[in-house]
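Visitor: Dropping the structure in here first, questions after.
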Amino acid sequence: MTATVGHTSIVLAFVCALWGILSPVLSARLGHERYFAAARAAILGQFLLVTLAAASLIFALVTVDFSIRYVAFNTTRATPIYYRITGLWGALEGSLLLWEWILIIFSAIITWIYSQRHRELMPWVLMIFSIVSAFFLAVIGFVSNPFEIVFPVPLDGRGLNPLLEDANMMTHPPLLYTGFVGLTVPYAFAMAALIIGKVDEAWIVTTRRWTITAWFFLTVGNLVGAWWSYHVLGWGGYWAWDPVENAAFMPWLPATAFLHSVQVQERRRMLKVWNLSLIIIAFSLTIFGTFLTRSGILSSIHAFSSGPVGTVFLGFLAFVLLGSFGLLAYRAEVLKGQPELDSMVSRESAFLLNNIVLVSALFTIFLGTIFPLISEAVAGVQISVGAPYFNSVTVPIFLFLVFLMAVGPMIAWRRASWDNIKRNFLWPAAASFVFALALFAWKVRDFLPLLGFTLLSFVVFSMFYDTGLALRARRRIAGEGVLRGLITLTRRNQRRYGGFVITLGTLICILPIGKPIQQES
């Protein structure tokens with residue numbers, strides 16, 4: 001009964017998704033309000049049906065319904081109830097259902113909030129959501145069914161992989177999936193803007209907080225996953241450059257670049273094509289990461305067992321890339337005519353250079369990750385690419401990135417003067433130099449660690465110095481204390497101090513990269 005309810009819900013949700021693809025087109029072409037209402041209803045229908053399917057699988061896991069193959073393979077009668085629930089994302093089929101569930105939750109929230117706003121964009125935004133949802137529902141319903149029946153019914157199940165019976169199993173996959181799926185929101189708005197030819201800053205302003213939310217979950221998900229690998233697998237290092245670790249990390253890089261470069265577009269109306277390209281790449285990499293994890297083509301302790309979904313995901317990835325960049329090329333005429341840089345010494349120049357560094361890091365990591373596939377296809381031999389390659393290439397890149405993160409937010413827009421540079425960086429640079437001397441006296445003598453920690457301290461000192469100057473101004477103008485001044489500054493300059501938070505999150509992520517992997521004896 002549970003299997004029937006779950007699978008029927010998925011199939012009906014797929015039908016709703018197909019209607020959700022068609023009805024926005026009819027709404028835009030015919031101008032009838034009822035078709036837009038039907039598009040909203042299609043999203044709501046998917047939300048209710050997918051929630052029912054997810055609840056059915058969770059119920060089957062909790063009640064150990066071994067008539068369902070997925071339950072029999074991912075839990076036992078002795079499994080604690082909290083690990084039975086985490087079995088929802090413990091294997092291929094359930095993880096795809098979780099992905100779709102989070103996706104349709106995002107879709108429903110967006111529909112609820114913006115139904116009466118952005119009336120030009122919203123029909124197409126809903127269509128993009130339904131296209132992505134229809135793909136995942138088709139995979140779950142017809143290719144990798146979590147409600148498949150097993151006969152005869154076993155007396156007990158096989159249970160989760162012992163490595164998955166860890167507290168981090170409750171947090172890492174949901175956090176990471178929320179970050180991945182959250183990038184669908186800016187992607188959907190970006191594609192909708194391209195479809196209607198309205199490529200101004202409206203879609204960026206609308207999706208800024210959603211992008212930050214996705215970035216936050218992606219950052220925390222990667223950090224929790226790195227800690228999990230560290231203390232469970234005993235690698236002795238924060239980051240081992242495992243292919244699936246890389247697949248989770250790669251979307252974070254263009255998402256981070258996007259959060260920096262959208263400030264330039266909002267302020268100077270520049271980088272329109274660049275920002276659209278970044279969000280397409282970020283979303284595409286979430287699909288690519290899913291393909292790597294579930295296709296079985298790369299060997300990784302993190303990967304799911306190989307299944308039939310790899311080819312399907314590869315086809316969808318090709319559809320996304322060709323469709324998105326084709327649409328971008330189609331609107332090339334509308335995207336022309338933007339301002340140029342006034343000076344290479346300016347905030348927008350620093351942010352652009354920051355983006356180039358992040359994309360360079362992405363390219364080197366992507367190349368190292370897929371090189372075994374290329375070598376096998378060309379030479380018939382799969383050559384592994386290990387941590388030495390990634391560390392030697394990415395560490396200098398990330399050190400330069402840290403420097404840019406200190407400089408970028410502190411210099412003026414358009415053209416920075418020497419007085420502006422000296423005022424903002426003299427004291428942070430002096431403090432960083434003293435910090436470097438202290439590290440050297442503390443016997444930190446290796447060049448790269450010493451340089452890395454010095455640059456990191458320069459970023460932190462720069463942010464504290466900037467905030468200190470602002471607090472002093474608030475005390476002089478309004479007589480506010482430190483706490484009250486911080487509240488006022490944060491409320492009035494959310495983007496600036498939100499940017500500081502993003503910077504700190506980025507530092508936390510890249511701080512330990514390059515630490516040698518030590519094998520336990």
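FYI, nothing fancy with the structure tokens labels: chains A, B, ... in order, residues from 1 per chain, ligands from 1 as they appear.
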Produce a table with one row for each residue of range 73-129 of chain A that has an atom at most 8 Å from any atom of range 143-148 of chain A, each row naming the nearest atom pair and its distance in Å at one decimal; use only C-alpha atoms; arrange rows by chain and rising residue number; format as JSON lines.
Guide:
{"residue": "A:Leu92", "atom": "CA", "partner": "A:Ser144", "partner_atom": "CA", "distance": 7.9}
{"residue": "A:Glu93", "atom": "CA", "partner": "A:Pro146", "partner_atom": "CA", "distance": 4.9}
{"residue": "A:Gly94", "atom": "CA", "partner": "A:Pro146", "partner_atom": "CA", "distance": 6.0}
{"residue": "A:Leu97", "atom": "CA", "partner": "A:Pro146", "partner_atom": "CA", "distance": 7.9}
Visitor: Output as an MDAnalysis selection string all residues of range 41-274 of chain A that backbone DSSP marks as helix (DSSP H, G or I).
Guide: chainID A and resid 41:62 69:74 81:89 92:114 122:143 162:164 167:170 172:182 184:196 202:233 243:249 252:268 272:274
Visitor: Need to verify the contact set: Leu26 in chain A, 12 Å, only C-alpha atoms, exclusion of same-chain residues closer than 3 positions in sequence. Can you return it as a list in words?
Guide: Trp19, Gly20, Ile21, Leu22, Ser23, Arg29, Leu30, Gly31, His32, Glu33, Arg34, Tyr35, Phe36, Ala37, Ala38, Ala39, Pro123, Trp124 and Met127 of chain A
Visitor: Just give me the gap between CA of Trp210 in chain A and CA of Pro186 in chain A in Å, one decimal is fine.
Guide: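 CA of Pro186 in chain A lies 7.2 Å from CA of Trp210 in chain A.
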Visitor: At a cut-off of 12 Å, using only C-alpha atoms, what residues contact Phe363 in chain A? Leave out same-chain residues fewer than 6 positions from it and give the result as a list of chain:residue names.
Guide: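 Returned residues: A:Asn246, A:Met250, A:Pro251, A:Leu253, A:Pro254, A:Ile281, A:Leu285, A:Ile356, A:Val357, A:Thr369, A:Ile370, A:Phe371, A:Phe390, A:Val393, A:Thr394, A:Ile397.
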Visitor: Extract, using only C-alpha atoms, all DNA, RNA and protein residues at most 12 Å from range 107-111 of chain A, discarding same-chain residues fewer than 4 positions from it, and format them as an NGL selection string.
Guide: :A and (17 or 20 or 36-48 or 50-51 or 100-103 or 115-119 or 121-133 or 181-186 or 188-189 or 206-207 or 210)
Visitor: Could you save those same residues with N, CA and C atoms as a tab-separated table (two decimals), in the first residue's frame?
Guide:
chain	number	residue	atom	x	y	z
A	17	ALA	N	3.85	18.44	-13.44
A	17	ALA	CA	5.02	19.17	-13.94
A	17	ALA	C	4.91	19.43	-15.44
A	20	GLY	N	2.66	22.13	-15.79
A	20	GLY	CA	3.35	23.33	-15.34
A	20	GLY	C	4.30	23.89	-16.37
A	36	PHE	N	-2.04	31.22	-16.03
A	36	PHE	CA	-1.05	31.52	-14.99
A	36	PHE	C	-1.48	30.92	-13.66
A	37	ALA	N	-2.78	30.98	-13.36
A	37	ALA	CA	-3.30	30.33	-12.16
A	37	ALA	C	-3.08	28.83	-12.22
A	38	ALA	N	-3.21	28.26	-13.43
A	38	ALA	CA	-2.98	26.82	-13.60
A	38	ALA	C	-1.51	26.48	-13.36
A	39	ALA	N	-0.60	27.39	-13.78
A	39	ALA	CA	0.83	27.16	-13.54
A	39	ALA	C	1.13	27.15	-12.05
A	40	ARG	N	0.51	28.08	-11.31
A	40	ARG	CA	0.69	28.10	-9.86
A	40	ARG	C	0.10	26.83	-9.23
A	41	ALA	N	-1.05	26.41	-9.72
A	41	ALA	CA	-1.68	25.20	-9.19
A	41	ALA	C	-0.82	23.97	-9.47
A	42	ALA	N	-0.14	23.97	-10.62
A	42	ALA	CA	0.73	22.84	-10.96
A	42	ALA	C	1.89	22.73	-9.97
A	43	ILE	N	2.45	23.87	-9.58
A	43	ILE	CA	3.52	23.87	-8.58
A	43	ILE	C	2.98	23.38	-7.24
A	44	LEU	N	1.81	23.87	-6.85
A	44	LEU	CA	1.22	23.43	-5.59
A	44	LEU	C	0.92	21.94	-5.62
A	45	GLY	N	0.39	21.46	-6.75
A	45	GLY	CA	0.10	20.04	-6.87
A	45	GLY	C	1.36	19.19	-6.74
A	46	GLN	N	2.45	19.63	-7.38
A	46	GLN	CA	3.72	18.91	-7.25
A	46	GLN	C	4.20	18.90	-5.80
A	47	PHE	N	4.07	20.05	-5.14
A	47	PHE	CA	4.50	20.14	-3.75
A	47	PHE	C	3.75	19.14	-2.87
A	48	LEU	N	2.44	19.09	-2.99
A	48	LEU	CA	1.64	18.19	-2.17
A	48	LEU	C	1.95	16.72	-2.49
A	50	VAL	N	4.68	15.35	-4.04
A	50	VAL	CA	6.05	14.95	-3.71
A	50	VAL	C	6.22	14.83	-2.20
A	51	THR	N	5.58	15.74	-1.45
A	51	THR	CA	5.61	15.63	0.01
A	51	THR	C	4.97	14.33	0.46
A	100	GLU	N	14.37	16.26	-5.16
A	100	GLU	CA	13.13	16.75	-5.75
A	100	GLU	C	12.23	17.40	-4.70
A	101	TRP	N	12.20	16.85	-3.52
A	101	TRP	CA	11.37	17.41	-2.43
A	101	TRP	C	11.84	18.82	-2.08
A	102	ILE	N	13.16	19.00	-1.91
A	102	ILE	CA	13.69	20.32	-1.60
A	102	ILE	C	13.41	21.28	-2.76
A	103	LEU	N	13.57	20.79	-3.99
A	103	LEU	CA	13.32	21.63	-5.17
A	103	LEU	C	11.89	22.14	-5.20
A	115	SER	N	3.89	35.57	-6.62
A	115	SER	CA	2.78	35.40	-7.57
A	115	SER	C	2.20	36.72	-8.06
A	116	GLN	N	2.16	37.72	-7.17
A	116	GLN	CA	1.57	39.01	-7.54
A	116	GLN	C	2.64	40.04	-7.92
A	117	ARG	N	3.89	39.61	-7.99
A	117	ARG	CA	4.97	40.49	-8.41
A	117	ARG	C	5.64	39.92	-9.66
A	118	HIS	N	6.36	40.77	-10.37
A	118	HIS	CA	7.11	40.31	-11.54
A	118	HIS	C	6.23	39.50	-12.49
A	119	ARG	N	5.09	40.07	-12.86
A	119	ARG	CA	4.13	39.31	-13.64
A	119	ARG	C	4.67	38.92	-15.01
A	121	LEU	N	7.92	38.08	-15.53
A	121	LEU	CA	8.89	37.02	-15.29
A	121	LEU	C	8.26	35.72	-14.78
A	122	MET	N	7.28	35.84	-13.90
A	122	MET	CA	6.84	34.68	-13.13
A	122	MET	C	6.34	33.50	-13.96
A	123	PRO	N	5.56	33.69	-15.05
A	123	PRO	CA	5.16	32.50	-15.82
A	123	PRO	C	6.36	31.68	-16.29
A	124	TRP	N	7.41	32.37	-16.72
A	124	TRP	CA	8.58	31.66	-17.22
A	124	TRP	C	9.42	31.09	-16.08
A	125	VAL	N	9.46	31.78	-14.94
A	125	VAL	CA	10.14	31.23	-13.76
A	125	VAL	C	9.48	29.90	-13.36
A	126	LEU	N	8.17	29.88	-13.32
A	126	LEU	CA	7.45	28.65	-12.97
A	126	LEU	C	7.70	27.56	-14.01
A	127	MET	N	7.82	27.95	-15.27
A	127	MET	CA	8.09	26.96	-16.30
A	127	MET	C	9.46	26.31	-16.10
A	128	ILE	N	10.47	27.12	-15.77
A	128	ILE	CA	11.82	26.58	-15.53
A	128	ILE	C	11.79	25.63	-14.34
A	129	PHE	N	11.12	26.03	-13.25
A	129	PHE	CA	10.99	25.14	-12.11
A	129	PHE	C	10.35	23.82	-12.51
A	130	SER	N	9.31	23.88	-13.31
A	130	SER	CA	8.60	22.66	-13.70
A	130	SER	C	9.44	21.79	-14.64
A	131	ILE	N	10.27	22.42	-15.48
A	131	ILE	CA	11.16	21.64	-16.35
A	131	ILE	C	12.14	20.83	-15.50
A	132	VAL	N	12.78	21.50	-14.54
A	132	VAL	CA	13.75	20.81	-13.67
A	132	VAL	C	13.03	19.74	-12.84
A	133	SER	N	11.88	20.09	-12.31
A	133	SER	CA	11.11	19.14	-11.51
A	133	SER	C	10.67	17.95	-12.34
A	181	VAL	N	20.14	22.79	-4.67
A	181	VAL	CA	18.81	23.08	-5.20
A	181	VAL	C	18.53	24.58	-5.14
A	182	GLY	N	19.05	25.27	-4.10
A	182	GLY	CA	18.81	26.70	-3.98
A	182	GLY	C	19.32	27.49	-5.16
A	183	LEU	N	20.35	26.97	-5.85
A	183	LEU	CA	20.87	27.68	-7.03
A	183	LEU	C	19.90	27.63	-8.20
A	184	THR	N	18.88	26.77	-8.11
A	184	THR	CA	17.85	26.75	-9.15
A	184	THR	C	17.07	28.06	-9.17
A	185	VAL	N	16.94	28.72	-8.02
A	185	VAL	CA	16.14	29.95	-7.95
A	185	VAL	C	16.74	31.06	-8.81
A	186	PRO	N	18.01	31.46	-8.61
A	186	PRO	CA	18.55	32.50	-9.50
A	186	PRO	C	18.64	32.04	-10.95
A	188	ALA	N	16.49	30.06	-12.50
A	188	ALA	CA	15.15	30.18	-13.09
A	188	ALA	C	14.83	31.63	-13.43
A	189	PHE	N	15.16	32.56	-12.54
A	189	PHE	CA	14.90	33.97	-12.81
A	189	PHE	C	15.78	34.49	-13.95
A	206	THR	N	15.93	40.59	-7.10
A	206	THR	CA	14.94	39.66	-6.55
A	206	THR	C	15.59	38.42	-5.96
A	207	THR	N	16.65	37.93	-6.61
A	207	THR	CA	17.22	36.64	-6.21
A	207	THR	C	18.45	36.75	-5.32
A	210	TRP	N	18.14	34.84	-2.13
A	210	TRP	CA	18.04	33.40	-2.40
A	210	TRP	C	19.40	32.83	-2.77
Visitor: Between A:Ile68, A:Leu483, A:Ile104, A:Leu88, which one has atoms that come closest to Pro174 in chain A, using only C-alpha atoms?
Guide: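 Checking each candidate against Pro174 in chain A, we get A:Leu88 as the closest.
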Visitor: Counting only C-alpha atoms, what is within 6 Å of range 152-160 of chain A, bar same-chain residues fewer than 6 positions away, as a PyMOL selection string?
Guide: chain A and resi 67+72-76
Visitor: Tell me which of A:Asp65, A:Glu165, A:Asp200, A:Asp242 sits closest to Val150 in chain A, counting only C-alpha atoms.
Guide: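 So, comparing all the options, the nearest one is A:Asp65.
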